[in-house]
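What follows is a short report on a single structure.
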Amino acid sequence: MKNNIWFKLGAAAVLGLLILGFAVPSGQTAPAARLTATVQNQQCQGGNFVNVTLTATLNPPQQNVQFQWDFNNDGVFDTPLSPNPTVNHLYPDEVNVTAVVRAVKGNRSATDAVTFSTLRCGG
(Lines give C-alpha, C1' and ligand atoms only; values in the text may rest on other atoms or scores of the structure.)
Protein backbone atom coordinates (compact mmCIF):
# COMPACT_ATOMS: atom_id res chain seq x y z
CA MET A 1 0.00 0.00 0.00
CA LYS A 2 2.79 2.44 0.92
CA ASN A 3 4.63 1.70 -2.33
CA ASN A 4 1.46 2.47 -4.27
CA ILE A 5 1.14 5.88 -2.59
CA TRP A 6 4.78 6.75 -3.39
CA PHE A 7 4.25 5.62 -6.98
CA LYS A 8 1.18 7.87 -7.31
CA LEU A 9 2.98 10.84 -5.75
CA GLY A 10 5.98 10.33 -8.01
CA ALA A 11 3.77 10.03 -11.10
CA ALA A 12 1.87 13.19 -10.16
CA ALA A 13 5.15 15.07 -9.70
CA VAL A 14 6.47 13.93 -13.09
CA LEU A 15 3.19 14.84 -14.78
CA GLY A 16 3.29 18.29 -13.20
CA LEU A 17 6.77 18.86 -14.59
CA LEU A 18 5.73 17.66 -18.04
CA ILE A 19 2.68 19.95 -18.19
CA LEU A 20 4.79 23.08 -18.31
CA GLY A 21 8.51 23.25 -17.77
CA PHE A 22 9.87 26.44 -19.23
CA ALA A 23 13.58 26.46 -20.02
CA VAL A 24 15.79 27.16 -17.03
CA PRO A 25 19.46 28.18 -17.32
CA SER A 26 21.87 25.28 -16.92
CA GLY A 27 22.61 24.37 -13.31
CA GLN A 28 19.45 26.01 -11.96
CA THR A 29 16.11 24.49 -11.10
CA ALA A 30 12.70 26.08 -10.95
CA PRO A 31 9.23 24.76 -10.27
CA ALA A 32 6.99 24.14 -13.25
CA ALA A 33 4.71 27.07 -14.02
CA ARG A 34 0.96 26.68 -14.30
CA LEU A 35 -0.81 28.62 -17.06
CA THR A 36 -4.34 29.82 -16.30
CA ALA A 37 -6.70 31.65 -18.69
CA THR A 38 -9.50 33.77 -17.22
CA VAL A 39 -12.17 36.28 -18.19
CA GLN A 40 -11.23 39.54 -16.52
CA ASN A 41 -14.19 41.67 -17.60
CA GLN A 42 -17.19 41.89 -19.94
CA GLN A 43 -18.89 45.11 -21.10
CA CYS A 44 -21.77 45.61 -23.49
CA GLN A 45 -20.74 47.65 -26.52
CA GLY A 46 -24.08 48.74 -27.89
CA GLY A 47 -26.34 46.52 -29.89
CA ASN A 48 -25.69 42.84 -29.44
CA PHE A 49 -21.93 42.87 -28.81
CA VAL A 50 -19.77 42.36 -25.73
CA ASN A 51 -16.18 43.51 -25.27
CA VAL A 52 -14.48 40.70 -23.31
CA THR A 53 -11.13 41.15 -21.58
CA LEU A 54 -9.20 37.89 -21.35
CA THR A 55 -5.99 37.40 -19.40
CA ALA A 56 -3.51 34.67 -18.61
CA THR A 57 -1.28 34.14 -15.61
CA LEU A 58 1.69 31.93 -14.93
CA ASN A 59 2.26 30.75 -11.40
CA PRO A 60 5.02 31.14 -10.47
CA PRO A 61 5.64 34.11 -12.80
CA GLN A 62 8.21 33.60 -15.57
CA GLN A 63 10.45 36.00 -17.49
CA ASN A 64 10.52 36.36 -21.31
CA VAL A 65 7.22 34.59 -21.99
CA GLN A 66 5.09 35.40 -25.06
CA PHE A 67 1.33 34.85 -25.24
CA GLN A 68 -1.15 34.39 -28.08
CA TRP A 69 -4.90 33.81 -28.16
CA ASP A 70 -7.35 31.71 -30.18
CA PHE A 71 -10.63 33.52 -29.55
CA ASN A 72 -12.99 30.78 -30.77
CA ASN A 73 -11.07 27.53 -30.14
CA ASP A 74 -10.81 26.71 -33.84
CA GLY A 75 -7.12 25.80 -33.60
CA VAL A 76 -5.96 29.03 -35.27
CA PHE A 77 -4.33 31.61 -33.01
CA ASP A 78 -5.87 35.01 -33.74
CA THR A 79 -3.19 37.20 -32.15
CA PRO A 80 0.55 37.40 -32.75
CA LEU A 81 2.92 36.47 -29.94
CA SER A 82 3.07 39.26 -27.36
CA PRO A 83 4.59 39.73 -23.91
CA ASN A 84 1.20 41.11 -22.78
CA PRO A 85 -1.05 38.29 -21.54
CA THR A 86 -4.19 40.47 -21.60
CA VAL A 87 -6.32 41.00 -24.71
CA ASN A 88 -9.76 42.34 -25.63
CA HIS A 89 -12.10 40.75 -28.14
CA LEU A 90 -15.59 41.63 -29.35
CA TYR A 91 -18.07 38.73 -29.19
CA PRO A 92 -21.80 38.55 -29.91
CA ASP A 93 -23.93 38.69 -26.80
CA GLU A 94 -25.49 35.58 -25.27
CA VAL A 95 -23.07 33.03 -26.75
CA ASN A 96 -21.01 30.28 -25.16
CA VAL A 97 -17.34 30.63 -26.03
CA THR A 98 -14.09 28.80 -25.40
CA ALA A 99 -10.94 30.88 -25.79
CA VAL A 100 -7.46 29.34 -25.72
CA VAL A 101 -4.20 30.98 -24.68
CA ARG A 102 -0.73 29.70 -25.48
CA ALA A 103 2.36 30.72 -23.52
CA VAL A 104 5.68 30.32 -25.34
CA LYS A 105 9.21 30.50 -23.99
CA GLY A 106 11.99 29.37 -26.26
CA ASN A 107 10.98 26.06 -27.80
CA ARG A 108 8.50 25.21 -25.03
CA SER A 109 4.84 26.06 -24.84
CA ALA A 110 1.72 25.42 -22.79
CA THR A 111 -1.96 26.09 -23.41
CA ASP A 112 -5.03 26.64 -21.29
CA ALA A 113 -8.66 27.33 -22.16
CA VAL A 114 -11.47 29.29 -20.56
CA THR A 115 -15.13 28.63 -21.37
CA PHE A 116 -17.69 31.32 -20.63
CA SER A 117 -21.02 32.85 -21.66
CA THR A 118 -21.15 36.43 -22.85
CA LEU A 119 -23.52 38.94 -21.31
CA ARG A 120 -27.00 39.69 -22.63
CA CYS A 121 -26.83 43.19 -24.09
CA GLY A 122 -29.49 43.61 -26.75
CA GLY A 123 -33.16 44.16 -26.20
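Convention: chains lettered A, B, ... in C-alpha coordinates order; per-chain residue numbering from 1; ligands numbered from 1 as shown.
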
Practice item. Show which residues sit within 12 Å of Ala103 in chain A, as a PyMOL selection string. Count only C-alpha atoms, and ignore same-chain residues fewer than 2 positions away. Key: chain A and resi 20-22+33-37+55-58+61-70+77+80-86+100-101+105-113

Exercise for review: Work out how far CA of Val52 in chain A is from CA of Val87 in chain A, in Å to one decimal.
Suggested key: 8.3 Å

**Study point:** 6 Å contact set for range 41-50 of chain A, only C-alpha atoms, chain neighbours under 4 positions out, as a PyMOL selection string
**Key:** chain A and resi 90-93+121-122

May I have the residues from that selection written out with N, CA and C atoms, as a PDB file, in the first residue's frame?
```pdb
ATOM      1  N   LEU A  90     -14.162  41.363 -29.232  1.00  0.00           N
ATOM      2  CA  LEU A  90     -15.594  41.635 -29.351  1.00  0.00           C
ATOM      3  C   LEU A  90     -16.313  40.348 -29.759  1.00  0.00           C
ATOM      4  N   TYR A  91     -17.263  39.924 -28.935  1.00  0.00           N
ATOM      5  CA  TYR A  91     -18.066  38.726 -29.190  1.00  0.00           C
ATOM      6  C   TYR A  91     -19.522  39.134 -29.309  1.00  0.00           C
ATOM      7  N   PRO A  92     -20.353  38.325 -29.979  1.00  0.00           N
ATOM      8  CA  PRO A  92     -21.797  38.545 -29.914  1.00  0.00           C
ATOM      9  C   PRO A  92     -22.280  38.325 -28.478  1.00  0.00           C
ATOM     10  N   ASP A  93     -23.399  38.940 -28.134  1.00  0.00           N
ATOM     11  CA  ASP A  93     -23.927  38.692 -26.796  1.00  0.00           C
ATOM     12  C   ASP A  93     -24.615  37.333 -26.746  1.00  0.00           C
ATOM     13  N   CYS A 121     -26.905  41.741 -23.921  1.00  0.00           N
ATOM     14  CA  CYS A 121     -26.832  43.195 -24.095  1.00  0.00           C
ATOM     15  C   CYS A 121     -28.002  43.767 -24.864  1.00  0.00           C
ATOM     16  N   GLY A 122     -28.434  43.092 -25.895  1.00  0.00           N
ATOM     17  CA  GLY A 122     -29.489  43.609 -26.752  1.00  0.00           C
ATOM     18  C   GLY A 122     -30.853  43.519 -26.093  1.00  0.00           C
TER      19      GLY A 122
END
```

Check your understanding: What is the distance, in Å and to one decimal place, between CA of Asn59 in chain A and CA of Val114 in chain A?
Key ->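 So the answer is 16.6 Å.
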
Point to revise | Test item, helix (DSSP H, G or I) assignment across range 14-109 of chain A, answer as a list in words | key: Val14, Leu15, Gly16, Leu17, Leu18 and Ile19 of chain A

**Study point:** Among listed residues A:Thr38, A:Thr98, A:Thr115, A:Asn51, nearest Gly75 in chain A (using only C-alpha atoms)
**Key:**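 Result for the nearest residue to Gly75 in chain A: A:Thr98.
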
Point to revise | Exercise: Val95 in chain A partners within 10 Å, only C-alpha atoms, chain neighbours under 4 positions left out, as a PyMOL selection string | key: chain A and resi 50+91+116-120

Review point. Quick one, how far is CA of Asn73 in chain A from CA of Val97 in chain A?
Key: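 Taking CA of Asn73 in chain A and CA of Val97 in chain A, their separation equals 8.1 Å.
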
Check your understanding: Which one of A:Val104, A:Ala32, A:Asn72, A:Thr53 sits closest to His89 in chain A if you count only C-alpha atoms?
Key -> A:Thr53
